[in-house]
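Have a look at data.cif; it's mmCIF, C-alpha atoms:
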data_target
loop_
_atom_site.label_atom_id
_atom_site.label_comp_id
_atom_site.auth_asym_id
_atom_site.auth_seq_id
_atom_site.Cartn_x
_atom_site.Cartn_y
_atom_site.Cartn_z
CA MET A 223 7.19 99.90 11.70
CA ALA A 224 6.46 102.94 9.51
CA VAL A 225 7.37 103.00 5.81
CA ARG A 226 7.61 105.98 3.44
CA LEU A 227 6.43 105.78 -0.19
CA GLN A 228 4.92 107.73 -3.10
CA PHE A 229 2.14 107.13 -5.62
CA GLU A 230 3.10 108.61 -9.02
CA ASN A 231 5.01 111.55 -7.43
CA SER A 232 2.21 112.19 -4.93
CA ASN A 233 2.90 111.98 -1.21
CA ASP A 234 -0.81 111.69 -0.41
CA ILE A 235 -0.67 107.90 -0.40
CA GLY A 236 -3.74 107.58 1.85
CA VAL A 237 -5.79 108.85 -1.10
CA PHE A 238 -4.78 105.84 -3.20
CA CYS A 239 -4.97 102.94 -0.74
CA ASN A 240 -7.07 101.54 2.10
CA VAL A 241 -5.14 99.49 4.68
CA THR A 242 -6.91 97.24 7.21
CA ASN A 243 -5.93 94.27 9.39
CA LYS A 244 -7.43 91.75 6.91
CA TYR A 245 -6.73 93.21 3.43
CA ILE A 246 -5.29 96.15 1.50
CA VAL A 247 -7.09 97.83 -1.40
CA THR A 248 -4.90 99.97 -3.68
CA ALA A 249 -5.44 101.94 -6.88
CA PHE A 250 -4.55 100.79 -10.38
CA GLY A 251 -1.95 102.73 -12.33
CA GLY A 252 0.79 103.49 -9.79
CA SER A 253 4.40 102.53 -10.37
CA GLU A 254 5.51 99.01 -9.47
CA ASN A 255 7.53 100.52 -6.59
CA PHE A 256 4.27 101.55 -4.89
CA TYR A 257 2.84 98.01 -4.99
CA SER A 258 6.14 96.32 -4.18
CA VAL A 259 6.26 98.15 -0.82
CA PHE A 260 2.85 96.69 0.13
CA GLU A 261 3.79 93.27 -1.21
CA ALA A 262 7.11 93.19 0.65
CA GLU A 263 5.48 94.13 3.97
CA CYS A 264 2.06 92.47 3.82
CA ALA A 265 1.67 89.93 0.99
CA ASP A 266 2.40 87.01 3.37
CA HIS A 267 -0.39 88.06 5.73
CA MET A 268 -3.27 89.37 3.61
CA PRO A 269 -4.63 89.90 0.08
CA ILE A 270 -3.60 93.10 -1.73
CA VAL A 271 -6.33 94.08 -4.20
CA LYS A 272 -5.73 96.50 -7.10
CA THR A 273 -8.90 98.23 -8.25
CA SER A 274 -10.47 101.51 -9.33
CA VAL A 275 -13.55 103.03 -7.70
CA ALA A 276 -16.05 104.78 -10.00
CA GLY A 277 -13.29 104.73 -12.63
CA THR A 278 -10.92 106.77 -10.43
CA THR A 279 -7.72 105.94 -8.54
CA LEU A 280 -9.04 107.61 -5.34
CA VAL A 281 -9.55 104.27 -3.59
CA GLY A 282 -8.60 105.48 -0.12
CA ARG A 283 -10.99 108.45 -0.16
CA MET A 284 -13.95 106.70 -1.82
CA THR A 285 -14.00 103.54 0.33
CA VAL A 286 -13.92 102.77 4.03
CA GLY A 287 -13.37 99.40 5.68
CA ASN A 288 -12.09 97.26 8.53
CA LYS A 289 -11.59 93.53 9.18
CA ASN A 290 -15.37 92.94 9.00
CA GLY A 291 -16.33 94.74 5.79
CA LEU A 292 -15.70 97.29 3.06
CA LEU A 293 -18.12 100.03 2.02
CA MET A 294 -18.03 101.46 -1.51
CA PRO A 295 -19.91 104.47 -2.89
CA ASN A 296 -22.96 104.14 -5.12
CA SER A 297 -20.87 105.38 -8.07
CA ALA A 298 -18.71 102.21 -7.96
CA THR A 299 -19.46 100.00 -10.97
CA ASP A 300 -20.76 96.43 -10.79
CA GLN A 301 -17.45 95.13 -12.21
CA GLU A 302 -15.45 96.92 -9.52
CA LEU A 303 -17.76 95.59 -6.80
CA MET A 304 -17.52 92.00 -8.09
CA HIS A 305 -13.72 92.22 -8.53
CA VAL A 306 -13.26 93.41 -4.93
CA ARG A 307 -15.75 90.83 -3.58
CA ASN A 308 -13.96 88.00 -5.38
CA SER A 309 -10.52 89.15 -4.22
CA LEU A 310 -11.30 89.54 -0.51
CA PRO A 311 -11.84 86.75 2.06
CA ASP A 312 -15.43 85.42 2.23
CA GLU A 313 -15.99 86.74 5.76
CA VAL A 314 -15.38 90.35 4.61
CA VAL A 315 -18.72 91.87 3.56
CA VAL A 316 -18.46 94.25 0.57
CA GLN A 317 -21.42 96.59 0.12
CA ARG A 318 -22.37 99.67 -1.88
CA VAL A 319 -23.85 102.63 0.00
CA ASP A 320 -26.38 104.99 -1.56
CA GLU A 321 -25.13 108.15 0.15
CA ARG A 322 -25.13 111.78 -1.04
CA LEU A 323 -21.70 112.36 0.58
CA SER A 324 -20.06 109.74 -1.64
CA ALA A 325 -16.38 110.20 -0.64
CA LEU A 326 -16.87 107.74 2.21
CA GLY A 327 -13.21 107.75 3.25
CA ASN A 328 -13.40 111.50 3.91
CA CYS A 329 -16.62 111.24 5.92
CA ILE A 330 -15.94 108.10 8.00
CA ALA A 331 -12.97 107.05 10.14
CA CYS A 332 -13.00 103.63 11.78
CA ASN A 333 -11.06 100.80 13.35
CA ASP A 334 -12.41 97.30 14.03
CA TYR A 335 -14.67 98.46 16.90
CA VAL A 336 -15.62 102.15 16.58
CA ALA A 337 -16.45 104.57 13.74
CA LEU A 338 -16.54 108.37 13.75
CA ILE A 339 -18.81 109.77 11.03
CA HIS A 340 -19.67 113.10 9.39
CA PRO A 341 -22.57 114.74 11.31
CA ASP A 342 -24.69 115.02 8.12
CA LEU A 343 -24.57 111.39 6.95
CA ASP A 344 -27.98 109.73 6.45
CA ARG A 345 -29.46 107.67 9.29
CA GLU A 346 -29.69 104.74 6.87
CA THR A 347 -25.95 105.02 6.10
CA GLU A 348 -25.21 105.07 9.82
CA GLU A 349 -27.09 101.79 10.22
CA ILE A 350 -25.25 100.20 7.27
CA ILE A 351 -21.89 101.26 8.79
CA ALA A 352 -22.81 99.71 12.14
CA ASP A 353 -24.10 96.55 10.46
CA VAL A 354 -21.45 95.89 7.76
CA LEU A 355 -18.38 97.09 9.67
CA GLY A 356 -19.62 95.78 13.03
CA VAL A 357 -18.76 99.00 14.88
CA GLU A 358 -20.25 101.48 17.33
CA VAL A 359 -20.98 104.72 15.44
CA PHE A 360 -20.53 108.29 16.74
CA ARG A 361 -21.30 111.54 14.86
CA GLN A 362 -18.29 113.77 15.53
CA THR A 363 -16.08 116.60 14.29
CA VAL A 364 -12.28 116.80 14.57
CA ALA A 365 -10.91 120.26 15.46
CA GLY A 366 -14.17 121.74 14.11
CA ASN A 367 -13.85 119.88 10.78
CA VAL A 368 -16.82 117.75 9.70
CA LEU A 369 -14.63 115.57 7.43
CA VAL A 370 -13.59 113.23 10.24
CA GLY A 371 -12.20 110.67 7.80
CA SER A 372 -9.72 113.20 6.39
CA TYR A 373 -8.45 114.75 9.61
CA CYS A 374 -7.83 111.68 11.77
CA SER A 375 -6.46 108.18 11.36
CA PHE A 376 -6.72 105.51 14.04
CA THR A 377 -6.27 101.76 14.49
CA ASN A 378 -7.01 99.43 17.41
CA GLN A 379 -3.71 100.56 18.98
CA GLY A 380 -3.79 104.36 18.75
CA GLY A 381 -4.45 107.33 16.49
CA LEU A 382 -3.27 110.63 15.03
CA VAL A 383 -5.60 113.64 14.72
CA HIS A 384 -5.55 117.19 13.29
CA PRO A 385 -2.79 119.31 14.95
CA HIS A 386 -5.30 122.00 16.09
CA THR A 387 -7.41 119.56 18.10
CA SER A 388 -7.92 120.93 21.61
CA ILE A 389 -7.01 118.95 24.74
CA GLU A 390 -10.74 118.62 25.61
CA ASP A 391 -11.54 117.24 22.14
CA LEU A 392 -8.58 114.85 22.34
CA ASP A 393 -9.81 113.53 25.68
CA GLU A 394 -13.39 113.15 24.39
CA LEU A 395 -12.31 111.35 21.19
CA SER A 396 -9.88 109.18 23.10
CA SER A 397 -12.56 108.05 25.55
CA LEU A 398 -15.00 107.33 22.67
CA LEU A 399 -12.44 105.29 20.76
CA GLN A 400 -10.75 103.75 23.81
CA VAL A 401 -7.30 104.25 22.22
CA PRO A 402 -4.56 106.83 22.90
CA LEU A 403 -4.61 109.81 20.50
CA VAL A 404 -2.00 112.42 19.61
CA ALA A 405 -2.42 115.66 17.65
CA GLY A 406 0.15 115.79 14.84
CA THR A 407 0.96 116.08 11.15
CA VAL A 408 2.28 114.01 8.24
CA ASN A 409 4.16 114.90 5.03
CA ARG A 410 6.20 117.74 6.57
CA GLY A 411 3.33 119.58 8.25
CA SER A 412 0.21 118.45 6.36
CA GLU A 413 -2.93 118.57 8.51
CA VAL A 414 -4.82 116.12 6.30
CA ILE A 415 -3.75 113.05 8.26
CA SER A 416 -5.62 110.33 6.36
CA ALA A 417 -4.47 111.60 2.97
CA GLY A 418 -0.83 111.39 4.02
CA MET A 419 -0.86 107.98 5.71
CA ALA A 420 -2.60 104.62 6.01
CA ALA A 421 -2.07 102.24 8.92
CA ASN A 422 -3.15 98.98 10.51
CA ASP A 423 -2.21 97.39 13.83
CA TRP A 424 1.36 96.52 12.88
CA ILE A 425 2.49 98.83 10.05
CA ALA A 426 1.96 102.40 8.83
CA PHE A 427 2.53 103.68 5.29
CA CYS A 428 3.33 107.41 5.04
CA GLY A 429 4.05 109.89 2.24
CA LEU A 430 7.70 110.32 1.24
CA ASP A 431 7.81 113.88 2.65
CA THR A 432 7.05 112.69 6.19
CA THR A 433 9.86 113.85 8.48
CA ALA A 434 11.78 111.67 10.94
CA THR A 435 10.05 113.42 13.85
CA GLU A 436 6.59 112.77 12.35
CA LEU A 437 7.53 109.12 11.77
CA GLN A 438 8.66 108.84 15.37
CA VAL A 439 5.32 110.21 16.62
CA ILE A 440 3.40 107.84 14.31
CA GLU A 441 5.43 104.78 15.39
CA SER A 442 4.98 105.74 19.02
CA VAL A 443 1.21 106.43 19.09
CA PHE A 444 0.30 103.52 16.77
CA LYS A 445 2.56 101.26 18.93
CA LEU A 446 4.48 100.08 15.87
CA ARG A 447 7.85 99.83 17.56
CA ASP A 448 8.95 96.27 18.17
CA ALA A 449 10.31 96.19 21.70
CA GLN A 450 12.98 93.65 20.81
CA PRO A 451 15.26 95.72 18.52
CA THR A 452 15.28 98.54 21.12
CA GLN A 453 16.37 96.00 23.72
CA ILE A 454 19.25 94.88 21.45
CA VAL A 455 20.36 98.49 20.87
CA ASN A 456 20.29 99.16 24.62
CA GLU A 457 22.41 96.07 25.30
CA MET A 458 24.91 97.14 22.60
CA ARG A 459 25.06 100.61 24.12
CA HIS A 460 25.74 99.19 27.59
CA SER A 461 28.49 96.92 26.27
CA LEU A 462 30.06 99.86 24.38
CA ILE A 463 30.08 101.96 27.55
CA ASP A 464 31.61 99.04 29.49
CA ALA A 465 34.31 98.64 26.81
CA MET A 466 35.17 102.36 26.94
CA MET A 467 35.46 102.45 30.75
#

Can you present the structure in this file as structure tokens?
Amino acid sequence: MAVRLQFENSNDIGVFCNVTNKYIVTAFGGSENFYSVFEAECADHMPIVKTSVAGTTLVGRMTVGNKNGLLMPNSATDQELMHVRNSLPDEVVVQRVDERLSALGNCIACNDYVALIHPDLDRETEEIIADVLGVEVFRQTVAGNVLVGSYCSFTNQGGLVHPHTSIEDLDELSSLLQVPLVAGTVNRGSEVISAGMAANDWIAFCGLDTTATELQVIESVFKLRDAQPTQIVNEMRHSLIDAMM
């Protein structure tokens, strides 16, 4: 299922939240509507943590995480680090990374098994990513862009990448990640995929401007469609046709 929402009139909701299969981290200061969407969909399954990072609301761009861990930039304060640590399950490792490229969410894209990283990240950072997130790490670009975290979003089911990604690149990335990938957009044509959406294995959150066609592509590639409702619709359609004949 894919849901549309806004954060304080901004459609770039991926900037203000980080969605994984074990927890959701969102920014302080949004309207209650923003949080209520997360709570309605996910509160029964996982903790939803409200925090700031380095005093900003840019939680989705400053942090990166999966079911195994969460990485925060060096500029995150001790209070923020402790608050997030205390709010997340014990098995999720929360660690600060001393990295020059501190917007970690823009430089790293990952699921629970594989991470794509900015080609210029430190070797030490690469090791921390592999260790804390428990993933295989590949230095990559997406459609010639070094900010892999901004221009692609993928889960354990599938992924969406920059619309100008070539077929060869798509094939290469898909074989690295071992998930199906599609080139597309969010928020009515925005190429910055991760800013416009956040997803885990069973739900995607997209900016309010996302069109029906974009939602359809997202639901399809991230395998978010429950097969059962479609089956019901098909049965209804057959019975309607039978009734008309």

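Each of A:Val414, A:Val408, A:Val364, A:Met223 was checked against Asp391 of chain A using only C-alpha atoms; the smallest atom-to-atom distance is that of A:Val364.
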
Counting all atoms listed in the file, figure out which residue out of A:Glu261, A:Glu441, A:Asp431, A:Glu436 gets nearest to Asn231 of chain A.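 Selected residue with least distance to Asn231 of chain A: A:Asp431.
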
Atom pair atom CA of Phe250 of chain A + atom CA of Phe376 of chain A, distance 25.0 Å

Would you kindly translate the PyMOL selection byres ((chain A and resi 263) around 12) into the concrete residues it picks from this file, as a PDB file with C-alpha atoms, in the coordinates of the input?
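The resulting expr-v5.pdb:
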ATOM      1  CA  MET A 223       7.190  99.900  11.700  1.00  0.00           C
ATOM      2  CA  ALA A 224       6.460 102.940   9.510  1.00  0.00           C
ATOM      3  CA  VAL A 225       7.370 103.000   5.810  1.00  0.00           C
ATOM      4  CA  VAL A 241      -5.140  99.490   4.680  1.00  0.00           C
ATOM      5  CA  ILE A 246      -5.290  96.150   1.500  1.00  0.00           C
ATOM      6  CA  PHE A 256       4.270 101.550  -4.890  1.00  0.00           C
ATOM      7  CA  TYR A 257       2.840  98.010  -4.990  1.00  0.00           C
ATOM      8  CA  SER A 258       6.140  96.320  -4.180  1.00  0.00           C
ATOM      9  CA  VAL A 259       6.260  98.150  -0.820  1.00  0.00           C
ATOM     10  CA  PHE A 260       2.850  96.690   0.130  1.00  0.00           C
ATOM     11  CA  GLU A 261       3.790  93.270  -1.210  1.00  0.00           C
ATOM     12  CA  ALA A 262       7.110  93.190   0.650  1.00  0.00           C
ATOM     13  CA  CYS A 264       2.060  92.470   3.820  1.00  0.00           C
ATOM     14  CA  ALA A 265       1.670  89.930   0.990  1.00  0.00           C
ATOM     15  CA  ASP A 266       2.400  87.010   3.370  1.00  0.00           C
ATOM     16  CA  HIS A 267      -0.390  88.060   5.730  1.00  0.00           C
ATOM     17  CA  MET A 268      -3.270  89.370   3.610  1.00  0.00           C
ATOM     18  CA  PRO A 269      -4.630  89.900   0.080  1.00  0.00           C
ATOM     19  CA  ILE A 270      -3.600  93.100  -1.730  1.00  0.00           C
ATOM     20  CA  ASN A 422      -3.150  98.980  10.510  1.00  0.00           C
ATOM     21  CA  TRP A 424       1.360  96.520  12.880  1.00  0.00           C
ATOM     22  CA  ILE A 425       2.490  98.830  10.050  1.00  0.00           C
ATOM     23  CA  ALA A 426       1.960 102.400   8.830  1.00  0.00           C
ATOM     24  CA  PHE A 427       2.530 103.680   5.290  1.00  0.00           C
TER      25      PHE A 427
END

Write out as a list in words the residues lying within 7 Å of Gln379 of chain A, counting all atoms listed in the file and excluding same-chain residues fewer than 4 positions away.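 Near Gln379 of chain A, the qualifying residues are Val401, Asp423, Phe444 and Lys445 of chain A.
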
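Distance check against Ala325 of chain A using only C-alpha atoms: of A:Arg447, A:Arg361, A:Arg283, A:Arg345, the minimum falls on A:Arg283.
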
Written as a ChimeraX atom specification, which residues does the PyMOL selection byres ((chain A and resi 227) around 7) give for the file shown? /A:225-226,228,256,428-430

From A:Glu230, A:Asp334, A:Asp320, A:Glu254, residue lying nearest Thr377 of chain A [all atoms listed in the file]: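 For Thr377 of chain A, the nearest of the given residues is A:Asp334.
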
Return as a list in words the set of residues that the PyMOL selection byres ((chain A and resi 312) around 12) yields on the displayed structure.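 Applying the expression gives Lys244, Tyr245, Pro269, Lys289, Asn290, Gly291, Leu292, Val306, Arg307, Asn308, Ser309, Leu310, Pro311, Glu313, Val314, Val315 and Val316 of chain A.
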
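Rounded to one decimal, atom CA of Gly236 of chain A and atom CA of Gly381 of chain A lie 14.7 Å from each other.
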
Identify, on the basis of all atoms listed in the file, every residue whose closest approach to Ser416 of chain A does not exceed 12 Å; exclude the query and any residue fewer than 3 positions from it along the same chain; express the result as a PyMOL selection string. chain A and resi 233-241+282-283+286+327-332+369-377+381-384+406-409+412-413+419-421+426-429

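Taking atom CA of Leu338 of chain A and atom CA of Arg322 of chain A as the two end points, the separation is 17.4 Å.
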
Please, what is the axis-aligned box for every listed atom of segment 320-329 of chain A with 6 Å on each side, as centre and edge lengths in Å to one decimal, as AutoDock Vina command-line options?
--center_x -19.8 --center_y 108.7 --center_z 2.1 --size_x 25.2 --size_y 19.4 --size_z 19.6

Rank nothing, just name the residue among A:Leu323, A:Arg318, A:Glu302, A:Asn288 nearest to Ala337 of chain A, using all atoms listed in the file.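 Going through A:Leu323, A:Arg318, A:Glu302, A:Asn288 one by one, the smallest distance to Ala337 of chain A is for A:Asn288.
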
Among the residues A:Leu355, A:Val319, A:Leu437, A:Val404, the one that comes closest to Met284 of chain A [using only C-alpha atoms]: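 For Met284 of chain A, the nearest of the candidates is A:Val319.
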